[in-house]
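Below is one structure, written out as structure tokens; the observations come after it.
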Amino acid sequence: LHRVDRRQRQMCIRDRYMFNHQLINPAYVGAQDYTQLTMTNRSQWQQFEGAPITQAFSIGHKFRSKIALGASVVHDKIGPLKNTSASLDFSYHLNLNDKNLKLSLGLKFTKRYNSLDYSMINPLEDFDITFSTQPENDSKINFGTGFYLHNEKFYVGVGIPYILEDDLVGLKRNYYLITGGLIKLNNSFQLKPSLLFQATHGNDLIYDNSVLVVFKNRVWLGPQYRAKLSSFLPNQKKSGYYGVIAGIHLNKNMSLGYAYHCLLYTSPSPRDK
């Protein structure tokens with residue numbers, strides 16, 4: 001049961017990269033010259049009891065021209081399993097040239113709490129020893145790192161949010177590469193392509209691809225899909241998803257976004273929203 005929770009959480013982190021690079025790369029903190037505060041909610045299989053729900057909150061602020069600090073909290077719940085992670089992020093920014101090209105180096109420190117509510121489990125046997133006692137909550141520390149190269153037109157970065165692996169809960173070390181840019185088409189429209197690659201030892205290389213169309217720097221809409229690199233496109237044999245992302249800048253200080261994904265599996269699967 002714990003392993004299901006951990007794989008679920010790693011997928012949730014990856015899903016949010018479009019709205020919050022900080023969750024997978026601490027070097028992103030302070031990449032912008034303003035304070036960033038992000039809140040996200042992810043829900044799946046809403047017609048099922050105990051369906052996965054994940055909330056995340058993060059904040060990042062550049063205190064000086066080269067130093068930035070951030071913090072984030074991610075809370076997952078899937079059935080009787082709960083996981084809460086609290087992280088502190090530190091980044092150091094270097095100006096590489098007079099064209100605003102910057103290199104950021106980051107460190108992440110995370111305290112993770114896992115718990116299992118046995119009162120929500122109905123064992124097949126009334127006196128199953130496995131479920132007879134409530135286990136102690138699990139609490140562990142982890143570390144992460146990353147770099148982020150960027151200017152006003154493009155970015156590329158590599159992040160490792162969790163360096164230490166934990167076989168007990170199925171936590172594997174994931175390597176994330178993110179890249180993207182901003183292409184001006186005319187005075188009204190811009191394109192924002194982005195790519196994310198995830199590498200995990202023993203698993204297939206996975207990538208996410210999206211292209212957002214931005215209208216007057218206020219409204220954005222575009223497709224997104226995820227697939228194994230070996231299959232290139234999502235399909236029922238090797239899974240993946242197709243989705244859409246939309247959003248709007250409510251004012252100069254606040255934005256609102258929404259993403260909808262439809263998962264593909266060999267067997268029929270509920271939609272993911």
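In the structure tokens, each chain is lettered A, B, ... as it comes, each chain's residues begin at 1, and ligands are numbered from 1 in order of appearance.
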Residue neighbourhood segment 82-86 of chain A, 10 Å, only C-alpha atoms, exclusion window fewer than 6 positions, as an MDAnalysis selection string:
chainID A and resid 2 5:6 9 52:58 71:76 109:117 137:142
Might you pull out every residue within 12 Å of segment 205-211 of chain A, with only C-alpha atoms counted and same-chain residues fewer than 5 positions away left off, and present them as a count of residues only?
52
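Taking atom CA of Ile24 of chain A as the reference point, atom CA of His150 of chain A is found at 16.1 Å.
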Enter the distance from atom CA of Ile59 of chain A to atom CA of Gly30 of chain A, in Å, rounded to one decimal.
9.8 Å
12 Å contact set for Glu165 of chain A, only C-alpha atoms, chain neighbours under 2 positions out, as a PyMOL selection string
chain A and resi 6+140-144+160-163+167-174+200-201
Which polymer residues have any atom within 10 Å of an atom of Leu256 of chain A, counting only C-alpha atoms, with same-chain residues fewer than 3 positions away left out, as a compact mmCIF listing (two decimals) with N, CA, C and O atoms, in the first residue's frame?
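Once everything was written out, this is part.txt:
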```
# COMPACT_ATOMS: atom_id res chain seq x y z
N PHE A 19 3.00 24.53 -13.84
CA PHE A 19 2.58 25.63 -12.98
C PHE A 19 3.62 25.95 -11.91
O PHE A 19 3.56 27.03 -11.31
N THR A 38 2.32 29.88 -5.14
CA THR A 38 1.55 28.97 -5.99
C THR A 38 0.78 27.98 -5.13
O THR A 38 1.33 27.40 -4.20
N MET A 39 -0.49 27.77 -5.48
CA MET A 39 -1.31 26.76 -4.84
C MET A 39 -1.95 25.90 -5.92
O MET A 39 -2.50 26.43 -6.90
N THR A 40 -1.87 24.59 -5.77
CA THR A 40 -2.46 23.67 -6.75
C THR A 40 -3.25 22.58 -6.05
O THR A 40 -2.97 22.22 -4.91
N VAL A 219 -4.42 35.34 -21.65
CA VAL A 219 -5.12 34.05 -21.67
C VAL A 219 -4.25 33.03 -22.38
O VAL A 219 -3.61 33.34 -23.39
N ALA A 246 -5.36 25.29 -19.56
CA ALA A 246 -5.92 26.62 -19.82
C ALA A 246 -5.67 27.51 -18.61
O ALA A 246 -5.49 27.03 -17.49
N GLY A 247 -5.64 28.81 -18.86
CA GLY A 247 -5.43 29.72 -17.74
C GLY A 247 -5.64 31.16 -18.14
O GLY A 247 -5.78 31.50 -19.32
N ILE A 248 -5.66 32.00 -17.12
CA ILE A 248 -5.86 33.44 -17.35
C ILE A 248 -5.14 34.22 -16.26
O ILE A 248 -5.08 33.79 -15.10
N HIS A 249 -4.56 35.34 -16.65
CA HIS A 249 -4.00 36.28 -15.69
C HIS A 249 -5.14 37.19 -15.23
O HIS A 249 -5.65 38.01 -16.00
N LEU A 250 -5.57 37.01 -13.99
CA LEU A 250 -6.68 37.81 -13.46
C LEU A 250 -6.28 39.27 -13.31
O LEU A 250 -7.09 40.18 -13.52
N ASN A 251 -5.05 39.50 -12.91
CA ASN A 251 -4.46 40.83 -12.86
C ASN A 251 -2.94 40.65 -12.90
O ASN A 251 -2.46 39.54 -13.13
```
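Counting only C-alpha atoms, the residue from A:Leu164, A:Ile67, A:Val158, A:Leu103 that sits nearest to His21 of chain A is A:Val158.
Reported to one decimal place, the separation of atom CA of Asn20 of chain A from atom CA of Asn235 of chain A is 27.0 Å.
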Pick out the residues sitting within 8 Å of Phe147 of chain A, and hand them over as a VMD selection string; count only C-alpha atoms, and ignore anything fewer than 6 positions along from it in its own chain.
chain A and resid 25 to 28 103 to 106 157 to 159
Since we have the selection now, will you write its residues out, keeping all heavy atoms, as a JSON list (two decimals), in the first residue's frame?
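That gives us part-v5.json:
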```json
[["chain", "number", "residue", "atom", "x", "y", "z"],
["A", 25, "ASN", "N", 12.59, 21.27, -9.00],
["A", 25, "ASN", "CA", 13.92, 21.87, -9.16],
["A", 25, "ASN", "C", 14.07, 23.08, -8.24],
["A", 25, "ASN", "O", 13.50, 24.14, -8.50],
["A", 25, "ASN", "CB", 14.13, 22.29, -10.62],
["A", 25, "ASN", "CG", 15.56, 22.67, -10.91],
["A", 25, "ASN", "OD1", 16.36, 22.89, -10.00],
["A", 25, "ASN", "ND2", 15.91, 22.76, -12.19],
["A", 26, "PRO", "N", 14.83, 22.94, -7.15],
["A", 26, "PRO", "CA", 14.99, 24.06, -6.21],
["A", 26, "PRO", "C", 15.71, 25.26, -6.81],
["A", 26, "PRO", "O", 15.58, 26.37, -6.29],
["A", 26, "PRO", "CB", 15.80, 23.45, -5.07],
["A", 26, "PRO", "CG", 16.53, 22.30, -5.69],
["A", 26, "PRO", "CD", 15.60, 21.76, -6.73],
["A", 27, "ALA", "N", 16.46, 25.06, -7.89],
["A", 27, "ALA", "CA", 17.18, 26.17, -8.51],
["A", 27, "ALA", "C", 16.23, 27.18, -9.15],
["A", 27, "ALA", "O", 16.64, 28.31, -9.45],
["A", 27, "ALA", "CB", 18.16, 25.64, -9.56],
["A", 28, "TYR", "N", 14.97, 26.80, -9.35],
["A", 28, "TYR", "CA", 13.99, 27.72, -9.95],
["A", 28, "TYR", "C", 13.62, 28.85, -9.01],
["A", 28, "TYR", "O", 13.19, 29.92, -9.45],
["A", 28, "TYR", "CB", 12.74, 26.95, -10.36],
["A", 28, "TYR", "CG", 11.65, 27.82, -10.92],
["A", 28, "TYR", "CD1", 11.75, 28.36, -12.20],
["A", 28, "TYR", "CD2", 10.51, 28.12, -10.17],
["A", 28, "TYR", "CE1", 10.76, 29.17, -12.71],
["A", 28, "TYR", "CE2", 9.52, 28.93, -10.67],
["A", 28, "TYR", "CZ", 9.64, 29.45, -11.95],
["A", 28, "TYR", "OH", 8.65, 30.25, -12.45],
["A", 103, "LEU", "N", 22.47, 31.56, -14.59],
["A", 103, "LEU", "CA", 22.58, 30.19, -14.14],
["A", 103, "LEU", "C", 22.26, 30.15, -12.65],
["A", 103, "LEU", "O", 22.87, 30.88, -11.86],
["A", 103, "LEU", "CB", 23.99, 29.64, -14.39],
["A", 103, "LEU", "CG", 24.26, 28.23, -13.83],
["A", 103, "LEU", "CD1", 23.38, 27.20, -14.54],
["A", 103, "LEU", "CD2", 25.74, 27.88, -13.97],
["A", 104, "SER", "N", 21.32, 29.28, -12.28],
["A", 104, "SER", "CA", 20.92, 29.15, -10.88],
["A", 104, "SER", "C", 21.26, 27.75, -10.38],
["A", 104, "SER", "O", 21.06, 26.76, -11.08],
["A", 104, "SER", "CB", 19.41, 29.39, -10.74],
["A", 104, "SER", "OG", 19.03, 30.63, -11.31],
["A", 105, "LEU", "N", 21.77, 27.69, -9.17],
["A", 105, "LEU", "CA", 22.09, 26.43, -8.51],
["A", 105, "LEU", "C", 21.24, 26.32, -7.26],
["A", 105, "LEU", "O", 21.11, 27.29, -6.50],
["A", 105, "LEU", "CB", 23.58, 26.37, -8.15],
["A", 105, "LEU", "CG", 24.56, 26.62, -9.30],
["A", 105, "LEU", "CD1", 25.99, 26.65, -8.77],
["A", 105, "LEU", "CD2", 24.41, 25.55, -10.38],
["A", 106, "GLY", "N", 20.64, 25.16, -7.02],
["A", 106, "GLY", "CA", 19.70, 25.04, -5.91],
["A", 106, "GLY", "C", 19.88, 23.81, -5.05],
["A", 106, "GLY", "O", 20.41, 22.78, -5.49],
["A", 157, "GLY", "N", 16.71, 23.12, -17.39],
["A", 157, "GLY", "CA", 17.16, 22.81, -16.04],
["A", 157, "GLY", "C", 17.07, 21.32, -15.76],
["A", 157, "GLY", "O", 16.34, 20.58, -16.43],
["A", 158, "VAL", "N", 17.83, 20.90, -14.78],
["A", 158, "VAL", "CA", 17.81, 19.52, -14.31],
["A", 158, "VAL", "C", 17.58, 19.54, -12.80],
["A", 158, "VAL", "O", 18.26, 20.28, -12.08],
["A", 158, "VAL", "CB", 19.12, 18.77, -14.62],
["A", 158, "VAL", "CG1", 19.15, 17.40, -13.95],
["A", 158, "VAL", "CG2", 19.30, 18.63, -16.13],
["A", 159, "GLY", "N", 16.62, 18.76, -12.34],
["A", 159, "GLY", "CA", 16.31, 18.71, -10.92],
["A", 159, "GLY", "C", 16.22, 17.28, -10.40],
["A", 159, "GLY", "O", 15.74, 16.39, -11.10]]
```
